[in-house]
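Participant: File final_16.cif follows (mmCIF, C-alpha atoms):
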```
data_data
loop_
_atom_site.label_atom_id
_atom_site.label_comp_id
_atom_site.auth_asym_id
_atom_site.auth_seq_id
_atom_site.Cartn_x
_atom_site.Cartn_y
_atom_site.Cartn_z
CA MET A 261 10.65 72.23 -41.24
CA ASN A 262 11.71 72.54 -37.63
CA GLY A 263 11.43 68.79 -37.20
CA ILE A 264 12.66 66.20 -34.74
CA HIS A 265 14.73 64.68 -37.56
CA ASP A 266 16.97 67.76 -37.62
CA MET A 267 19.26 66.46 -34.90
CA GLY A 268 22.64 68.01 -35.59
CA GLY A 269 24.07 69.47 -32.39
CA MET A 270 21.30 68.32 -30.06
CA HIS A 271 22.21 67.49 -26.49
CA GLY A 272 20.85 64.63 -24.45
CA PHE A 273 21.69 61.58 -26.54
CA GLY A 274 24.26 59.27 -25.05
CA ARG A 275 27.17 57.20 -26.27
CA VAL A 276 27.18 55.81 -29.77
CA GLU A 277 26.59 52.08 -29.33
CA ARG A 278 28.09 49.73 -31.87
CA GLU A 279 27.18 46.14 -32.59
CA GLU A 280 29.95 43.74 -33.53
CA ASN A 281 29.33 41.69 -36.66
CA GLU A 282 26.10 43.49 -37.28
CA PRO A 283 23.81 41.78 -39.81
CA VAL A 284 22.57 43.80 -42.79
CA PHE A 285 19.01 43.27 -41.54
CA HIS A 286 18.08 42.41 -37.96
CA ALA A 287 14.80 40.79 -38.94
CA ARG A 288 13.35 39.54 -42.18
CA TRP A 289 10.70 42.29 -42.24
CA GLU A 290 13.37 45.00 -42.39
CA GLY A 291 14.59 43.72 -45.73
CA ARG A 292 11.03 43.52 -47.02
CA VAL A 293 10.45 47.17 -46.04
CA MET A 294 13.64 48.19 -47.82
CA GLY A 295 12.60 46.25 -50.93
CA ILE A 296 9.09 47.72 -50.96
CA SER A 297 10.62 51.19 -50.72
CA ARG A 298 12.93 50.51 -53.65
CA ALA A 299 10.10 49.11 -55.73
CA CYS A 300 8.03 52.24 -55.10
CA SER A 301 10.94 54.49 -55.91
CA VAL A 302 11.89 52.85 -59.24
CA GLN A 303 8.25 53.01 -60.32
CA ARG A 304 8.21 56.72 -59.44
CA ILE A 305 5.42 56.24 -56.93
CA PHE A 306 7.37 58.59 -54.71
CA ASN A 307 10.71 60.32 -55.06
CA ILE A 308 13.51 60.40 -52.53
CA ASP A 309 12.69 63.90 -51.31
CA GLU A 310 9.01 63.12 -50.78
CA SER A 311 10.05 59.99 -48.97
CA ARG A 312 12.43 61.84 -46.64
CA HIS A 313 9.80 64.46 -45.95
CA ALA A 314 7.22 61.79 -45.15
CA ILE A 315 9.52 60.51 -42.41
CA GLU A 316 9.99 64.06 -41.15
CA ARG A 317 6.21 64.38 -40.89
CA MET A 318 5.92 61.54 -38.39
CA PRO A 319 4.71 62.82 -35.03
CA PRO A 320 7.94 63.63 -33.15
CA ALA A 321 7.27 61.27 -30.25
CA ASP A 322 6.66 58.41 -32.71
CA TYR A 323 9.83 59.27 -34.60
CA LEU A 324 11.88 58.99 -31.43
CA ALA A 325 10.19 55.76 -30.37
CA SER A 326 10.63 54.00 -33.73
CA SER A 327 13.53 52.07 -35.17
CA TYR A 328 14.94 53.04 -38.55
CA TYR A 329 12.97 50.55 -40.61
CA GLU A 330 9.84 51.22 -38.55
CA ARG A 331 10.14 54.82 -39.74
CA TRP A 332 10.52 53.53 -43.31
CA LEU A 333 7.41 51.39 -42.92
CA ASP A 334 5.45 54.34 -41.58
CA ARG A 335 6.71 56.41 -44.50
CA ASN A 336 5.71 53.80 -47.09
CA ILE A 337 2.22 53.45 -45.69
CA ARG A 338 1.79 57.21 -45.26
CA LEU A 339 2.75 57.97 -48.88
CA LEU A 340 0.85 55.05 -50.41
CA VAL A 341 -2.29 56.17 -48.57
CA GLU A 342 -1.80 59.82 -49.49
CA LYS A 343 -1.35 58.89 -53.13
CA GLY A 344 -4.49 56.79 -53.12
CA ILE A 345 -2.74 53.50 -53.83
CA ILE A 346 -3.90 51.79 -50.65
CA THR A 347 -6.24 52.68 -47.82
CA ARG A 348 -5.62 52.14 -44.13
CA GLU A 349 -8.83 50.09 -43.92
CA GLU A 350 -7.59 47.83 -46.69
CA LEU A 351 -4.32 47.35 -44.85
CA GLU A 352 -6.06 46.46 -41.58
CA ARG A 353 -8.28 43.96 -43.43
CA ARG A 354 -5.23 42.35 -44.99
CA ILE A 355 -3.52 42.13 -41.60
CA ALA A 356 -6.58 40.30 -40.25
CA GLN A 357 -6.63 37.96 -43.24
CA LEU A 358 -2.97 37.07 -42.88
CA ALA A 359 -3.35 36.60 -39.14
CA ALA A 360 -6.12 34.13 -39.92
CA GLY A 361 -3.78 32.22 -42.19
CA THR A 362 -4.93 33.23 -45.68
CA ASP A 363 -3.16 35.46 -48.18
CA PRO A 364 -5.58 36.45 -50.96
CA ALA A 365 -2.83 37.93 -53.15
CA PRO A 366 -2.10 35.68 -56.14
CA PRO A 367 1.60 34.95 -56.57
CA HIS A 368 3.29 37.51 -58.78
CA THR A 369 6.83 37.63 -60.07
CA ASP A 370 8.42 40.41 -62.09
CA PRO A 371 12.06 39.83 -63.07
CA GLN A 372 12.17 43.17 -64.87
CA LEU A 373 11.21 45.02 -61.71
CA ALA A 374 14.06 43.27 -59.91
CA ASP A 375 16.44 44.30 -62.68
CA ARG A 376 15.36 47.90 -62.40
CA MET A 377 15.74 47.89 -58.62
CA LEU A 378 19.25 46.49 -58.91
CA GLN A 379 20.07 49.01 -61.60
CA VAL A 380 19.28 51.83 -59.17
CA ALA A 381 21.65 50.26 -56.68
CA LYS A 382 24.44 50.01 -59.22
CA GLY A 383 23.74 52.18 -62.24
CA ARG A 384 23.81 55.86 -63.07
CA THR A 385 22.07 58.35 -60.83
CA HIS A 386 19.72 61.05 -62.04
CA TYR A 387 20.20 63.69 -59.37
CA ARG A 388 22.75 65.65 -61.35
CA GLN A 389 20.75 67.59 -63.94
CA PRO A 390 21.47 70.55 -66.20
CA GLY A 391 20.71 73.89 -64.59
CA PRO A 392 21.73 77.54 -64.42
CA PRO A 393 25.42 78.37 -63.90
CA PRO A 394 26.59 78.82 -60.30
CA ARG A 395 26.53 82.26 -58.76
CA PHE A 396 29.28 81.55 -56.25
CA ALA A 397 32.88 80.43 -56.76
CA LEU A 398 35.47 78.60 -54.73
CA GLY A 399 36.51 80.71 -51.73
CA ASP A 400 33.44 82.93 -51.74
CA ARG A 401 32.10 83.87 -48.33
CA VAL A 402 28.40 83.19 -47.95
CA LEU A 403 25.71 83.52 -45.33
CA THR A 404 23.02 80.87 -44.99
CA ARG A 405 19.42 82.04 -44.95
CA HIS A 406 17.72 82.24 -41.60
CA ASP A 407 14.28 80.95 -42.50
CA ALA A 408 12.05 78.47 -40.73
CA PRO A 409 10.38 76.84 -43.73
CA ALA A 410 7.41 74.61 -42.93
CA GLY A 411 8.31 72.15 -45.69
CA HIS A 412 11.27 69.97 -46.57
CA THR A 413 14.74 71.47 -46.60
CA ARG A 414 18.31 70.18 -46.44
CA LEU A 415 19.71 73.20 -44.63
CA PRO A 416 20.06 71.91 -41.06
CA ARG A 417 18.78 74.15 -38.29
CA TYR A 418 22.21 74.41 -36.64
CA ALA A 419 23.59 76.05 -39.77
CA ARG A 420 20.90 78.66 -40.41
CA GLY A 421 21.99 82.28 -40.51
CA LYS A 422 25.67 81.26 -40.34
CA PRO A 423 28.67 82.52 -42.32
CA GLY A 424 30.65 79.98 -44.29
CA VAL A 425 33.05 79.59 -47.19
CA ILE A 426 32.51 77.76 -50.47
CA VAL A 427 35.05 74.93 -50.63
CA ARG A 428 33.66 73.07 -53.63
CA VAL A 429 31.26 73.77 -56.48
CA HIS A 430 29.55 70.46 -57.15
CA GLY A 431 27.45 71.27 -60.21
CA THR A 432 23.68 71.39 -60.49
CA PHE A 433 21.49 68.98 -58.57
CA VAL A 434 17.75 68.41 -58.16
CA PHE A 435 16.41 70.75 -55.45
CA PRO A 436 14.86 68.76 -52.57
CA ASP A 437 12.80 71.67 -51.23
CA THR A 438 10.65 71.72 -54.37
CA ASN A 439 10.94 68.08 -55.42
CA ALA A 440 9.51 66.97 -52.06
CA HIS A 441 6.36 69.01 -52.66
CA GLY A 442 5.45 68.26 -56.26
CA GLN A 443 6.94 71.56 -57.41
CA GLY A 444 9.43 70.07 -59.82
CA GLU A 445 13.11 69.22 -59.70
CA GLN A 446 14.36 72.79 -60.26
CA PRO A 447 18.02 71.73 -60.43
CA HIS A 448 20.53 74.41 -59.52
CA ALA A 449 23.98 74.83 -58.06
CA LEU A 450 25.06 72.75 -55.10
CA TYR A 451 28.11 73.71 -53.07
CA SER A 452 30.13 72.33 -50.22
CA VAL A 453 30.21 75.07 -47.58
CA ARG A 454 32.67 75.06 -44.67
CA PHE A 455 31.64 76.45 -41.29
CA ASP A 456 34.03 77.13 -38.44
CA ALA A 457 33.02 75.11 -35.41
CA GLY A 458 33.18 78.19 -33.17
CA LEU A 459 30.56 79.97 -35.26
CA LEU A 460 28.22 76.99 -34.96
CA TRP A 461 28.72 75.95 -31.34
CA GLY A 462 30.24 78.97 -29.61
CA GLU A 463 32.60 78.47 -26.72
CA SER A 464 31.86 74.78 -26.41
CA ALA A 465 33.17 74.07 -29.92
CA GLU A 466 36.04 71.65 -30.26
CA PRO A 467 39.15 73.19 -31.84
CA ARG A 468 39.98 72.48 -35.48
CA ALA A 469 36.67 70.76 -36.25
CA PRO A 470 35.05 72.58 -39.16
CA VAL A 471 31.74 71.26 -40.44
CA HIS A 472 31.04 71.01 -44.17
CA ILE A 473 27.51 70.83 -45.52
CA ASP A 474 26.31 70.44 -49.10
CA LEU A 475 23.97 73.37 -49.66
CA TRP A 476 21.97 74.58 -52.62
CA GLU A 477 22.41 78.11 -53.89
CA ARG A 478 18.92 79.14 -52.80
CA TYR A 479 20.00 78.61 -49.20
CA LEU A 480 22.87 81.07 -49.59
CA LEU A 481 23.41 84.83 -49.65
CA PRO A 482 26.66 86.63 -50.47
CA ASP A 483 28.39 87.56 -47.23
CA ALA A 484 31.38 89.73 -48.06
CA PRO A 485 32.73 91.40 -51.20
CA ALA A 486 35.99 89.45 -51.27
CA ARG A 487 35.83 86.81 -53.97
CA GLY A 488 38.20 84.00 -54.72
CA THR A 489 40.27 84.49 -51.57
CA SER A 490 40.36 82.37 -48.51
CA MET B 158 18.69 40.41 -32.59
CA SER B 159 15.18 40.01 -31.22
CA GLY B 160 12.62 39.12 -33.83
CA SER B 161 15.21 37.71 -36.19
CA HIS B 162 13.99 34.94 -38.42
CA GLY B 163 16.56 32.74 -40.00
CA ASP B 164 14.15 31.02 -42.35
CA HIS B 165 11.46 32.29 -44.65
CA GLY B 166 8.97 29.58 -43.81
CA HIS B 167 5.69 29.75 -42.03
CA HIS B 168 6.54 27.53 -39.11
CA HIS B 169 7.60 30.18 -36.62
CA ARG B 170 7.67 28.78 -33.14
CA GLU B 171 7.28 32.25 -31.65
CA PRO B 172 4.15 34.20 -32.54
CA GLU B 173 4.78 36.60 -35.40
CA SER B 174 5.33 40.18 -34.27
CA ALA B 175 2.73 42.81 -35.11
CA LEU B 176 5.37 44.60 -37.13
CA SER B 177 6.26 41.59 -39.21
CA LEU B 178 2.58 40.95 -39.87
CA ARG B 179 2.02 44.57 -40.88
CA VAL B 180 4.89 44.42 -43.35
CA ARG B 181 3.64 41.14 -44.81
CA ALA B 182 0.21 42.71 -45.22
CA LEU B 183 1.63 45.71 -47.02
CA GLU B 184 3.68 43.49 -49.32
CA SER B 185 0.62 41.32 -50.00
CA LEU B 186 -1.48 44.35 -50.96
CA LEU B 187 1.20 45.70 -53.27
CA VAL B 188 1.79 42.28 -54.84
CA GLU B 189 -1.93 42.05 -55.51
CA LYS B 190 -1.76 45.45 -57.23
CA LYS B 191 1.31 44.26 -59.16
CA LEU B 192 3.39 47.15 -57.82
CA VAL B 193 5.68 44.80 -55.93
CA ALA B 194 6.90 41.34 -56.80
CA SER B 195 8.24 39.14 -54.07
CA ASP B 196 11.09 37.86 -56.25
CA ALA B 197 12.20 41.47 -56.81
CA ILE B 198 12.40 42.06 -53.07
CA ASP B 199 14.23 38.76 -52.60
CA ARG B 200 16.84 39.84 -55.12
CA ILE B 201 17.45 43.33 -53.75
CA VAL B 202 17.71 41.95 -50.21
CA ALA B 203 20.18 39.31 -51.40
CA ALA B 204 22.17 41.94 -53.27
CA TYR B 205 22.66 43.98 -50.10
CA GLU B 206 23.35 40.90 -47.99
CA GLU B 207 25.86 39.34 -50.37
CA ASP B 208 27.08 41.69 -53.06
CA ILE B 209 26.89 45.39 -52.21
CA GLY B 210 29.12 45.95 -49.20
CA PRO B 211 32.34 47.47 -47.88
CA HIS B 212 34.48 45.12 -49.94
CA ASN B 213 33.55 47.27 -52.94
CA GLY B 214 34.74 50.51 -51.37
CA ALA B 215 37.85 48.71 -50.14
CA LYS B 216 38.83 47.92 -53.73
CA VAL B 217 38.55 51.60 -54.62
CA VAL B 218 40.69 52.61 -51.64
CA ALA B 219 43.36 50.01 -52.40
CA ARG B 220 43.54 51.14 -56.02
CA ALA B 221 43.99 54.74 -54.88
CA TRP B 222 46.81 53.65 -52.56
CA VAL B 223 48.80 51.89 -55.26
CA ASP B 224 48.04 54.13 -58.22
CA PRO B 225 48.70 57.87 -57.70
CA ALA B 226 47.05 58.82 -60.99
CA TYR B 227 43.91 56.92 -59.99
CA ARG B 228 43.99 58.59 -56.57
CA ALA B 229 44.08 62.00 -58.26
CA ARG B 230 41.14 61.11 -60.49
CA LEU B 231 39.21 59.73 -57.52
CA LEU B 232 39.63 62.93 -55.54
CA ALA B 233 38.80 65.12 -58.54
CA ASP B 234 35.70 63.21 -59.71
CA GLY B 235 34.74 60.29 -57.53
CA THR B 236 31.72 59.33 -59.63
CA ALA B 237 33.79 58.90 -62.80
CA ALA B 238 36.66 57.19 -60.99
CA ILE B 239 34.50 54.47 -59.44
CA GLU B 240 32.83 53.89 -62.80
CA GLU B 241 36.27 52.94 -64.11
CA MET B 242 36.14 50.08 -61.61
CA GLY B 243 32.61 49.09 -62.53
CA PHE B 244 30.82 50.73 -59.61
CA GLY B 245 27.87 53.11 -59.94
CA GLY B 246 24.63 53.99 -58.24
CA VAL B 247 26.05 56.99 -56.45
CA ASP B 248 27.37 60.48 -57.09
CA LEU B 249 30.51 60.38 -55.03
CA GLN B 250 32.81 62.84 -53.30
CA VAL B 251 35.96 61.32 -51.84
CA VAL B 252 37.77 63.11 -49.01
CA GLU B 253 41.32 62.16 -48.18
CA ASN B 254 42.91 61.66 -44.79
CA THR B 255 46.48 62.99 -44.52
CA PRO B 256 48.84 63.29 -41.56
CA GLY B 257 47.24 66.58 -40.46
CA VAL B 258 43.66 66.06 -41.61
CA HIS B 259 41.06 63.47 -40.62
CA ASN B 260 37.64 63.30 -42.26
CA LEU B 261 34.42 62.14 -40.63
CA VAL B 262 31.09 61.57 -42.42
CA VAL B 263 27.65 61.92 -40.82
CA CYS B 264 24.12 62.64 -41.96
CA THR B 265 22.40 64.69 -39.27
CA LEU B 266 19.06 64.90 -41.12
CA CYS B 267 18.55 61.25 -42.08
CA SER B 268 20.97 58.53 -43.13
CA CYS B 269 22.77 59.57 -46.35
CA TYR B 270 25.56 57.10 -47.04
CA PRO B 271 27.37 55.76 -50.13
CA HIS B 272 25.40 52.49 -50.28
CA ALA B 273 26.73 51.42 -53.64
CA LEU B 274 30.27 51.25 -52.27
CA ILE B 275 29.89 50.23 -48.64
CA GLY B 276 26.40 48.75 -48.40
CA LEU B 277 23.54 49.75 -46.14
CA PRO B 278 24.57 51.79 -43.09
CA PRO B 279 25.00 50.17 -39.68
CA VAL B 280 22.49 51.02 -36.96
CA TRP B 281 24.93 53.30 -35.14
CA TYR B 282 25.36 55.51 -38.23
CA LYS B 283 21.57 56.04 -38.29
CA SER B 284 21.33 56.48 -34.51
CA PHE B 285 20.19 59.68 -32.83
CA GLU B 286 23.41 59.57 -30.79
CA TYR B 287 25.73 59.69 -33.79
CA ARG B 288 23.61 62.10 -35.83
CA SER B 289 23.28 64.62 -33.01
CA ARG B 290 26.81 64.49 -31.66
CA ALA B 291 29.24 63.90 -34.53
CA VAL B 292 28.96 67.49 -35.77
CA ARG B 293 29.30 69.15 -32.36
CA GLU B 294 31.78 66.95 -30.49
CA PRO B 295 33.61 64.84 -33.07
CA ARG B 296 36.63 64.21 -30.86
CA VAL B 297 34.47 62.82 -28.08
CA VAL B 298 32.61 60.62 -30.54
CA LEU B 299 35.83 59.42 -32.13
CA HIS B 300 37.19 58.59 -28.68
CA GLU B 301 34.15 56.34 -28.16
CA PHE B 302 35.19 54.56 -31.35
CA GLY B 303 38.69 54.15 -29.96
CA VAL B 304 40.22 56.84 -32.16
CA ASP B 305 42.27 59.54 -30.44
CA LEU B 306 43.84 61.98 -32.86
CA PRO B 307 46.55 64.54 -32.04
CA ALA B 308 45.15 67.92 -30.99
CA SER B 309 46.91 69.42 -34.00
CA THR B 310 44.92 67.27 -36.44
CA GLU B 311 42.05 69.04 -38.14
CA ILE B 312 38.86 66.99 -38.09
CA ARG B 313 36.76 67.82 -41.12
CA ILE B 314 33.17 66.81 -40.59
CA TRP B 315 31.03 66.24 -43.68
CA ASP B 316 27.32 66.50 -42.92
CA SER B 317 26.05 64.59 -45.93
CA SER B 318 22.89 66.39 -47.02
CA ALA B 319 22.63 65.83 -50.78
CA GLU B 320 22.47 63.09 -53.37
CA LEU B 321 26.23 63.35 -53.43
CA ARG B 322 27.68 60.88 -51.03
CA TYR B 323 30.93 60.94 -49.08
CA LEU B 324 33.62 58.31 -48.80
CA VAL B 325 36.76 58.77 -46.73
CA LEU B 326 40.02 57.72 -48.32
CA PRO B 327 41.91 56.49 -45.25
CA GLU B 328 45.66 56.72 -44.84
CA ARG B 329 47.60 53.69 -45.96
CA PRO B 330 49.12 52.14 -42.86
CA ALA B 331 52.85 51.90 -42.41
CA GLY B 332 54.52 48.60 -43.12
CA THR B 333 52.34 47.72 -46.11
CA GLU B 334 54.80 48.70 -48.82
CA ARG B 335 55.16 45.10 -49.99
CA LEU B 336 51.47 44.34 -50.15
CA GLY B 337 49.67 44.19 -53.47
CA GLU B 338 46.33 45.78 -54.24
CA ALA B 339 44.23 42.74 -53.35
CA ASP B 340 45.92 42.29 -49.98
CA LEU B 341 45.66 46.00 -49.24
CA ALA B 342 41.92 45.89 -49.91
CA LYS B 343 41.56 43.29 -47.16
CA LEU B 344 42.87 45.81 -44.63
CA VAL B 345 40.27 48.46 -45.47
CA THR B 346 37.31 48.50 -43.08
CA ARG B 347 33.87 49.99 -43.45
CA ASP B 348 34.43 52.22 -40.44
CA SER B 349 37.65 53.63 -41.91
CA MET B 350 35.72 54.72 -45.00
CA ILE B 351 33.19 56.57 -42.79
CA GLY B 352 36.00 58.10 -40.77
CA VAL B 353 35.38 56.53 -37.35
CA ALA B 354 38.41 54.25 -37.58
CA VAL B 355 42.05 54.47 -38.54
CA ILE B 356 43.53 51.47 -40.30
CA LYS B 357 46.18 49.81 -38.19
CA PRO B 358 49.26 48.21 -39.70
CA PRO B 359 48.72 44.50 -40.28
CA ALA B 360 50.11 42.14 -37.67
CA GLY B 361 53.69 41.31 -38.53
CA ALA B 362 54.00 44.24 -40.90
CA ALA B 363 56.71 45.93 -38.86
CA ARG B 364 59.94 44.13 -39.55
#
```
What does this structure look like when you write it as structure tokens?

Facilitator:
Amino acid sequence: MNGIHDMGGMHGFGRVEREENEPVFHARWEGRVMGISRACSVQRIFNIDESRHAIERMPPADYLASSYYERWLDRNIRLLVEKGIITREELERRIAQLAAGTDPAPPHTDPQLADRMLQVAKGRTHYRQPGPPPRFALGDRVLTRHDAPAGHTRLPRYARGKPGVIVRVHGTFVFPDTNAHGQGEQPHALYSVRFDAGLLWGESAEPRAPVHIDLWERYLLPDAPARGTS
Amino acid sequence: MSGSHGDHGHHHREPESALSLRVRALESLLVEKKLVASDAIDRIVAAYEEDIGPHNGAKVVARAWVDPAYRARLLADGTAAIEEMGFGGVDLQVVENTPGVHNLVVCTLCSCYPHALIGLPPVWYKSFEYRSRAVREPRVVLHEFGVDLPASTEIRIWDSSAELRYLVLPERPAGTERLGEADLAKLVTRDSMIGVAVIKPPAGAAR
């Protein structure tokens, strides 16, 4: 989608501000939001691509006005409501109850859930899946598609319709564009594609600053007949 | 730091923020439905605060500096190479800085980052400023981080867009020939593994 999240190359944002000795979380609630997200993800309530797309679907002005974990909170609520697990009315009632000093939820512990959440942080991933063999090889020249899909995609806007070169063939990975929309994982070839800065940014490009993006085969078209040369 | 709560108790002197209350309400609902357990959240938060951080990636970098065969394996298949050291949770691509090449990692679309090796990303990595500008004007951004590279150096930007995450293998600083792996790991910073810093020789390294 042509969303506000797709920020690569935008003008208007200022200096990158760093914080010395930054804490992992700036408030307790941020860690709780992260933990809730992980709990939902290990229980397959939503997958990573749905969750990214839910953030992309925030109204653009809200996206810009929210902090990172505020966007995560919005995402969690949005998906849990859409999936029928909670309702917004129920959430508002619970807010009122807690504000009045009572929490009706009985205490609940689940050491196995904690183990599973930690396993995701440390164990094997499941994004690399068997799929069809790659169509392109190292050194192939490709052209990215110039679509404006309404749904989720990992081809950034600044790199649409651009020529590039395959610099690495990564193997087959779950396809976010379908996995975000309940259309299955459809794993297929993922490549690292190099783009010359001048072809992305024109005359304002900095010299010797190529950009590499990991792109799925369905984003790519063959560009020139030469194969295996670079 | 506003809104930071050092304790987990219920005796806040300041009124609780609407955000904090909203999050507590969501957690309460999900606990009631047995989809979330508060001890599970406690443990994952503690893991990121205490266990999963840049010191893990630093061990990988130090090993690559002292062991050329490991370095080759790390560059060829990062996922398998970090498993050798007991790390997982990420499909990893390692990109190596050399005298003529500097690598810089960004995620323009969201916040992709190799959590398992360097923890949760700092706020600046997730900021609109970094995400919008690192791909278009990397030298200007690096200058803001205090890094000025020769004009002849190629800056390779990696816009991390997949469930394959990027870690920069920084250059080993001069004057560290006598240091062992554990001491080398102490020199490796989070920012150097993202590519917004260059590791300086340790004080007193130059003889």

Participant: Considering only C-alpha atoms, return as a tab-separated table (two decimals) with C-alpha atoms, keeping the file's coordinate frame whatever protein or nucleic-acid residues lie within 9 Å of His441 in chain A, sequence-local ones (same chain, fewer than 5 positions apart) excluded.

Facilitator:
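And here's selection-v5.tsv as it stands now:
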```
chain	number	residue	atom	x	y	z
A	309	ASP	CA	12.69	63.90	-51.31
A	310	GLU	CA	9.01	63.12	-50.78
A	313	HIS	CA	9.80	64.46	-45.95
A	411	GLY	CA	8.31	72.15	-45.69
A	412	HIS	CA	11.27	69.97	-46.57
A	436	PRO	CA	14.86	68.76	-52.57
```

Participant: Mind giving me the straight-line distance from CA of Gly257 in chain B to CA of Ile426 in chain A in Å, one decimal?

Facilitator: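 Between CA of Gly257 in chain B and CA of Ile426 in chain A the gap is 21.0 Å.
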
Participant: Can you check which residues of chain B have any atom within 7 Å of chain A? Use all atoms listed in the file and format it as a tab-separated table (two decimals) with C-alpha atoms, in the frame of the given file.

Facilitator:
```
chain	number	residue	atom	x	y	z
B	158	MET	CA	18.69	40.41	-32.59
B	160	GLY	CA	12.62	39.12	-33.83
B	161	SER	CA	15.21	37.71	-36.19
B	162	HIS	CA	13.99	34.94	-38.42
B	177	SER	CA	6.26	41.59	-39.21
B	178	LEU	CA	2.58	40.95	-39.87
B	179	ARG	CA	2.02	44.57	-40.88
B	180	VAL	CA	4.89	44.42	-43.35
B	182	ALA	CA	0.21	42.71	-45.22
B	183	LEU	CA	1.63	45.71	-47.02
B	185	SER	CA	0.62	41.32	-50.00
B	186	LEU	CA	-1.48	44.35	-50.96
B	188	VAL	CA	1.79	42.28	-54.84
B	189	GLU	CA	-1.93	42.05	-55.51
B	193	VAL	CA	5.68	44.80	-55.93
B	194	ALA	CA	6.90	41.34	-56.80
B	195	SER	CA	8.24	39.14	-54.07
B	196	ASP	CA	11.09	37.86	-56.25
B	197	ALA	CA	12.20	41.47	-56.81
B	198	ILE	CA	12.40	42.06	-53.07
B	200	ARG	CA	16.84	39.84	-55.12
B	201	ILE	CA	17.45	43.33	-53.75
B	202	VAL	CA	17.71	41.95	-50.21
B	206	GLU	CA	23.35	40.90	-47.99
B	244	PHE	CA	30.82	50.73	-59.61
B	245	GLY	CA	27.87	53.11	-59.94
B	246	GLY	CA	24.63	53.99	-58.24
B	247	VAL	CA	26.05	56.99	-56.45
B	248	ASP	CA	27.37	60.48	-57.09
B	265	THR	CA	22.40	64.69	-39.27
B	266	LEU	CA	19.06	64.90	-41.12
B	267	CYS	CA	18.55	61.25	-42.08
B	273	ALA	CA	26.73	51.42	-53.64
B	277	LEU	CA	23.54	49.75	-46.14
B	281	TRP	CA	24.93	53.30	-35.14
B	285	PHE	CA	20.19	59.68	-32.83
B	286	GLU	CA	23.41	59.57	-30.79
B	287	TYR	CA	25.73	59.69	-33.79
B	288	ARG	CA	23.61	62.10	-35.83
B	289	SER	CA	23.28	64.62	-33.01
B	290	ARG	CA	26.81	64.49	-31.66
B	292	VAL	CA	28.96	67.49	-35.77
B	293	ARG	CA	29.30	69.15	-32.36
B	294	GLU	CA	31.78	66.95	-30.49
B	311	GLU	CA	42.05	69.04	-38.14
B	312	ILE	CA	38.86	66.99	-38.09
B	313	ARG	CA	36.76	67.82	-41.12
B	314	ILE	CA	33.17	66.81	-40.59
B	315	TRP	CA	31.03	66.24	-43.68
B	316	ASP	CA	27.32	66.50	-42.92
B	317	SER	CA	26.05	64.59	-45.93
B	318	SER	CA	22.89	66.39	-47.02
B	319	ALA	CA	22.63	65.83	-50.78
B	320	GLU	CA	22.47	63.09	-53.37
```

Participant: So how many Å separate CA of Asp322 in chain A and CA of Val263 in chain B, to one decimal?

Facilitator: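 About the pair CA of Asp322 in chain A and CA of Val263 in chain B: they are 22.8 Å apart.
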
Participant: Applied to the shown file, which residues does the PyMOL selection byres ((chain B and resi 275) around 8) return, written as a PyMOL selection string?

Facilitator: chain B and resi 209-214+271-274+276-278+347

Participant: Just the residues within 9 Å of Ile351 in chain B, please, counting only C-alpha atoms, with nothing from its chain fewer than 6 positions along; format it as a list in words.

Facilitator: Asn260, Leu261, Val262, Val263, Tyr270, Tyr323, Leu324, Val325 and Leu326 of chain B

Participant: Which residues match the PyMOL selection byres ((chain B and resi 303-307) around 10) in the file above, as a list in words?

Facilitator: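 The output of the PyMOL selection byres ((chain B and resi 303-307) around 10) on this file is Pro256, Gly257, Val258, His259, Arg296, Val297, Val298, Leu299, His300, Glu301, Phe302, Ala308, Ser309, Thr310, Glu311, Ile312, Gly352, Val353, Ala354 and Val355 of chain B.
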
Participant: Just give me the gap between CA of Thr236 in chain B and CA of Glu253 in chain B in Å, one decimal is fine.

Facilitator: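 Interatomic distance, CA of Thr236 in chain B to CA of Glu253 in chain B: 15.2 Å.
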
Participant: Translate the PyMOL selection byres ((chain B and resi 219) around 12) into a concrete residue list for this structure, as a count of residues only.

Facilitator: 35
